[in-house]
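Peer 1: Got a structure for you, written out below as structure tokens; questions coming shortly.
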Amino acid sequence: MENLKEELKKQIIEQLNLEDITPADIKNDAPLFGDGLGLDSIDALELIVLLEKFHGVKITNPEDGRKIFSSIDSMAEYITKAKA
Amino acid sequence: MNHLSSYCHISTKEIVTDKGALLFDNTEGLEVNDFLKTVYKKLAIDYPKFYKMDSLSKAAFLGVELLKKENAALAEYADDEIALLFANSNASEDTDKKFVNSYAEEHAPSPSLFVYTLPSILMGELAIRNKWYGESLFVILQKFDAAFFADYCNMILLRNAKACICGWIEITEGKTEAFIFLAEKNGNENNTPLTKQTIEKIYKTIMKQSRPSKV
């Protein structure tokens, strides 16, 4: 699970062009939106594409997005469960 | 008479201003996006969203930041007194191709690229960054047209706007060119008048002096 979280951080930084941020700057339980990384609605769409492109996981119910993308922890948990 | 207060020109090779100063020289031969990011860092601007913009918006953003540095009076205008007037001949072609590539080859259409598949988005970026809510217009022309800028800009300045930022901005594969200038209402005899002739003269001089921007 820890490897997956580190992988996710690197993918988010690259896909979302967060050039001034390193994986070490992203805490596993910190919010990705709002006060956290300050991501916006377009970034949310990029995260959906990222999950499918790199992890083969689709979000079938958009309503779940808010919970899934609340932190690195929640993203990793969702991927792990989806692949189980 | 309205006047042209200052301008800057961005190519892949360099950035120069109306003062004739060479502000940035791309001696390393960086690709346009990397060159623009290097300039952004050197200007020590804190606006992380810059990195997410396409090259067209990045160039417009930096050009306007440079004009703001040279023209402190811009900050004195009300938010609806600054208009934006931009044009080019290739719309958002560079980003369009990247977007097509994102789903044709990578099988994953990029939402953040899709946002920039309209050239006018660059004016939205400028409006958001500077909280400018004046008139805005982006036009596709066959080639640079000094008469277009003179006529439309003077018309815009007849209305509510007291200043207008104009730009001819082209970024295509192998070619980068952004000529961005500030026009203001009611100058004096010492200012450069905002006419087709003066705009054309400045543009031709820049093009003559500018080193080839092909990389």
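To be explicit about the labels: the chains of the structure tokens are called A, B, and onward in the order shown, and within each one the residues are counted from 1, while ligands get numbers from 1 in the order they are shown.
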Contacts from chain A to chain B, 7 Å maximum, only C-alpha atoms: show me the residue list as a VMD selection string.

Peer 2: chain A and resid 17 19 42 45 to 46 49 53

Peer 1: Give me a file of those residues, with C-alpha atoms, as a PDB file, in the first residue's frame.

Peer 2:
```pdb
ATOM      1  CA  ASN A  17       1.820  19.691 -13.641  1.00  0.00           C
ATOM      2  CA  GLU A  19       5.997  21.573 -10.703  1.00  0.00           C
ATOM      3  CA  ILE A  42     -10.318  20.200 -14.118  1.00  0.00           C
ATOM      4  CA  LEU A  45     -11.283  15.138 -14.167  1.00  0.00           C
ATOM      5  CA  GLU A  46      -7.557  14.490 -14.629  1.00  0.00           C
ATOM      6  CA  VAL A  49      -8.371   9.751 -16.168  1.00  0.00           C
ATOM      7  CA  LYS A  53      -4.969   5.114 -17.364  1.00  0.00           C
TER       8      LYS A  53
END
```

Peer 1: Which residues are close to Lys10 (chain A), i.e. within 8 Å by only C-alpha atoms, leaving aside same-chain residues fewer than 3 positions away? Reply as a ChimeraX atom specification.

Peer 2: /A:6-7,13-14,22-23

Peer 1: How about saving the chosen residues, N, CA and C atoms kept, as a CSV table (one decimal), in the first residue's frame?

Peer 2:
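Output file selection_0.csv is given in full below:
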```csv
chain,number,residue,atom,x,y,z
A,6,GLU,N,3.1,6.2,-2.9
A,6,GLU,CA,4.2,7.0,-3.4
A,6,GLU,C,4.1,7.1,-4.9
A,7,GLU,N,3.6,6.0,-5.6
A,7,GLU,CA,3.4,6.0,-7.0
A,7,GLU,C,2.3,7.0,-7.4
A,13,ILE,N,1.6,14.5,-9.4
A,13,ILE,CA,2.5,15.7,-9.7
A,13,ILE,C,2.8,15.8,-11.2
A,14,GLU,N,3.0,14.7,-11.9
A,14,GLU,CA,3.3,14.7,-13.3
A,14,GLU,C,2.1,15.0,-14.1
A,22,THR,N,6.9,18.3,-4.5
A,22,THR,CA,7.6,17.0,-4.5
A,22,THR,C,6.7,16.0,-3.8
A,23,PRO,N,6.9,14.7,-4.0
A,23,PRO,CA,6.1,13.7,-3.3
A,23,PRO,C,6.1,13.9,-1.8
```

Peer 1: With a distance cut-off of 8 Å and only C-alpha atoms, select the neighbouring residues of Ala87 (chain B), excluding the residue or stretch itself and same-chain residues fewer than 5 positions from it, and output the selection as a PyMOL selection string.

Peer 2: chain B and resi 138-141+167-169

Peer 1: Run DSSP on the backbone and tell me which residues of chain A come out as alpha helix (DSSP H); list them as a PyMOL selection string.

Peer 2: chain A and resi 2-15+41-55+65-68+72-83

Peer 1: For the selection you just gave me, I'd like the residues written to a file as a compact mmCIF listing (two decimals), in the first residue's frame, keeping N, CA and C atoms.

Peer 2:
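Written output follows (selection-v8.txt):
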```txt
# COMPACT_ATOMS: atom_id res chain seq x y z
N GLU A 2 1.98 1.25 0.74
CA GLU A 2 2.86 2.44 0.81
C GLU A 2 3.47 2.73 -0.57
N ASN A 3 3.84 1.65 -1.27
CA ASN A 3 4.40 1.84 -2.62
C ASN A 3 3.37 2.48 -3.54
N LEU A 4 2.13 2.03 -3.42
CA LEU A 4 1.05 2.57 -4.24
C LEU A 4 0.85 4.06 -3.96
N LYS A 5 0.94 4.43 -2.69
CA LYS A 5 0.76 5.85 -2.31
C LYS A 5 1.87 6.72 -2.90
N GLU A 6 3.10 6.22 -2.86
CA GLU A 6 4.22 6.97 -3.44
C GLU A 6 4.06 7.10 -4.95
N GLU A 7 3.60 6.00 -5.55
CA GLU A 7 3.37 5.99 -7.00
C GLU A 7 2.29 7.02 -7.36
N LEU A 8 1.24 7.04 -6.58
CA LEU A 8 0.14 7.99 -6.83
C LEU A 8 0.62 9.44 -6.74
N LYS A 9 1.45 9.71 -5.75
CA LYS A 9 1.96 11.08 -5.57
C LYS A 9 2.75 11.51 -6.80
N LYS A 10 3.61 10.62 -7.27
CA LYS A 10 4.42 10.95 -8.46
C LYS A 10 3.52 11.15 -9.69
N GLN A 11 2.52 10.29 -9.83
CA GLN A 11 1.62 10.41 -10.98
C GLN A 11 0.81 11.70 -10.92
N ILE A 12 0.35 12.05 -9.75
CA ILE A 12 -0.44 13.29 -9.59
C ILE A 12 0.42 14.49 -9.93
N ILE A 13 1.64 14.52 -9.43
CA ILE A 13 2.54 15.65 -9.71
C ILE A 13 2.79 15.78 -11.21
N GLU A 14 3.01 14.65 -11.86
CA GLU A 14 3.32 14.70 -13.29
C GLU A 14 2.08 15.03 -14.13
N GLN A 15 0.99 14.36 -13.86
CA GLN A 15 -0.21 14.55 -14.68
C GLN A 15 -0.86 15.91 -14.47
N SER A 41 -11.55 21.83 -10.42
CA SER A 41 -12.47 20.86 -11.03
C SER A 41 -11.84 20.14 -12.24
N ILE A 42 -10.98 20.84 -12.98
CA ILE A 42 -10.32 20.20 -14.12
C ILE A 42 -9.34 19.14 -13.60
N ASP A 43 -8.70 19.44 -12.48
CA ASP A 43 -7.79 18.45 -11.88
C ASP A 43 -8.56 17.20 -11.46
N ALA A 44 -9.79 17.41 -10.99
CA ALA A 44 -10.62 16.26 -10.59
C ALA A 44 -10.84 15.33 -11.78
N LEU A 45 -11.10 15.95 -12.95
CA LEU A 45 -11.28 15.14 -14.17
C LEU A 45 -9.98 14.42 -14.53
N GLU A 46 -8.86 15.11 -14.34
CA GLU A 46 -7.56 14.49 -14.63
C GLU A 46 -7.32 13.30 -13.70
N LEU A 47 -7.77 13.41 -12.46
CA LEU A 47 -7.58 12.29 -11.52
C LEU A 47 -8.40 11.07 -11.94
N ILE A 48 -9.59 11.32 -12.48
CA ILE A 48 -10.42 10.20 -12.98
C ILE A 48 -9.69 9.49 -14.13
N VAL A 49 -9.12 10.32 -15.04
CA VAL A 49 -8.37 9.75 -16.17
C VAL A 49 -7.14 9.00 -15.65
N LEU A 50 -6.48 9.58 -14.66
CA LEU A 50 -5.27 8.96 -14.08
C LEU A 50 -5.57 7.57 -13.50
N LEU A 51 -6.66 7.47 -12.78
CA LEU A 51 -7.02 6.18 -12.17
C LEU A 51 -7.23 5.10 -13.24
N GLU A 52 -7.89 5.53 -14.33
CA GLU A 52 -8.18 4.56 -15.39
C GLU A 52 -6.92 4.23 -16.19
N LYS A 53 -6.14 5.29 -16.50
CA LYS A 53 -4.97 5.11 -17.36
C LYS A 53 -3.86 4.30 -16.69
N PHE A 54 -3.57 4.61 -15.44
CA PHE A 54 -2.44 3.97 -14.76
C PHE A 54 -2.83 2.77 -13.89
N HIS A 55 -4.09 2.73 -13.46
CA HIS A 55 -4.47 1.67 -12.52
C HIS A 55 -5.64 0.81 -13.02
N GLY A 65 -16.67 10.37 -6.28
CA GLY A 65 -15.40 11.07 -6.51
C GLY A 65 -14.93 11.90 -5.33
N ARG A 66 -15.86 12.62 -4.72
CA ARG A 66 -15.50 13.51 -3.61
C ARG A 66 -14.80 12.73 -2.48
N LYS A 67 -15.33 11.53 -2.20
CA LYS A 67 -14.76 10.72 -1.11
C LYS A 67 -13.44 10.08 -1.55
N ILE A 68 -13.44 9.55 -2.78
CA ILE A 68 -12.24 8.85 -3.28
C ILE A 68 -11.06 9.80 -3.37
N ILE A 72 -4.62 11.05 -0.51
CA ILE A 72 -3.85 9.93 -1.09
C ILE A 72 -4.29 8.63 -0.44
N ASP A 73 -4.51 8.67 0.87
CA ASP A 73 -4.98 7.47 1.60
C ASP A 73 -6.25 6.91 0.97
N SER A 74 -7.23 7.79 0.73
CA SER A 74 -8.52 7.32 0.21
C SER A 74 -8.39 6.83 -1.23
N MET A 75 -7.53 7.46 -2.01
CA MET A 75 -7.32 6.99 -3.39
C MET A 75 -6.70 5.60 -3.40
N ALA A 76 -5.68 5.42 -2.57
CA ALA A 76 -4.99 4.12 -2.51
C ALA A 76 -5.93 3.03 -2.03
N GLU A 77 -6.77 3.39 -1.06
CA GLU A 77 -7.72 2.42 -0.53
C GLU A 77 -8.72 2.00 -1.61
N TYR A 78 -9.21 2.97 -2.38
CA TYR A 78 -10.19 2.68 -3.43
C TYR A 78 -9.58 1.79 -4.51
N ILE A 79 -8.34 2.09 -4.91
CA ILE A 79 -7.67 1.27 -5.94
C ILE A 79 -7.47 -0.15 -5.45
N THR A 80 -7.01 -0.27 -4.22
CA THR A 80 -6.74 -1.60 -3.66
C THR A 80 -8.02 -2.43 -3.60
N LYS A 81 -9.10 -1.81 -3.14
CA LYS A 81 -10.39 -2.53 -3.05
C LYS A 81 -10.90 -2.91 -4.43
N ALA A 82 -10.77 -1.98 -5.39
CA ALA A 82 -11.27 -2.22 -6.74
C ALA A 82 -10.53 -3.37 -7.42
N LYS A 83 -9.27 -3.54 -7.07
CA LYS A 83 -8.46 -4.59 -7.70
C LYS A 83 -8.52 -5.91 -6.95
```

Peer 1: Just want the 9 Å neighbourhood of Phe33 (chain A), counted on only C-alpha atoms, with same-chain residues fewer than 3 positions away dropped. Output as a list of chain:residue names.

Peer 2: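 Skipping anything fewer than 3 positions along the chain leaves A:Gly36, A:Leu37, A:Gly38, A:Leu39, A:Asp40, A:Ala44, A:Phe69, A:Ser70, A:Ser71.
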
Peer 1: Which residues are close to region 192-198 of chain B, i.e. within 7 Å by only C-alpha atoms, leaving aside same-chain residues fewer than 5 positions away? Reply as a ChimeraX atom specification.

Peer 2: /B:1-5,146-147,150

Peer 1: Can I get the selected residues back with N, CA and C atoms, as a compact mmCIF listing (two decimals), in the first residue's frame?

Peer 2:
```txt
# COMPACT_ATOMS: atom_id res chain seq x y z
N MET B 1 -5.48 62.07 -28.30
CA MET B 1 -5.36 60.83 -29.10
C MET B 1 -4.89 59.67 -28.22
N ASN B 2 -5.42 58.50 -28.50
CA ASN B 2 -4.96 57.31 -27.77
C ASN B 2 -3.52 57.01 -28.16
N HIS B 3 -2.81 56.33 -27.24
CA HIS B 3 -1.40 56.08 -27.53
C HIS B 3 -0.96 54.67 -27.15
N LEU B 4 0.15 54.29 -27.74
CA LEU B 4 0.74 52.98 -27.46
C LEU B 4 1.84 53.21 -26.42
N SER B 5 1.62 52.71 -25.21
CA SER B 5 2.52 53.04 -24.10
C SER B 5 3.79 52.20 -24.08
N ALA B 146 -1.96 45.38 -38.67
CA ALA B 146 -1.86 46.58 -37.83
C ALA B 146 -3.15 47.39 -37.86
N ALA B 147 -3.82 47.41 -39.02
CA ALA B 147 -5.07 48.18 -39.14
C ALA B 147 -6.14 47.61 -38.22
N ALA B 150 -5.30 48.76 -34.67
CA ALA B 150 -5.53 50.22 -34.51
C ALA B 150 -7.03 50.52 -34.48
```

Peer 1: Between B:Phe149, B:Phe181, B:Phe86, B:Tyr47, which one has atoms that come closest to Lys68 (chain B), using only C-alpha atoms?

Peer 2: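 Comparing B:Phe149, B:Phe181, B:Phe86, B:Tyr47 against Lys68 (chain B), the winner is B:Phe181.
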
Peer 1: Mind giving me the straight-line distance from CA of Asp35 (chain A) to CA of Pro62 (chain A) in Å, one decimal?

Peer 2: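 Computed distance, CA of Asp35 (chain A) to CA of Pro62 (chain A), equals 21.9 Å.
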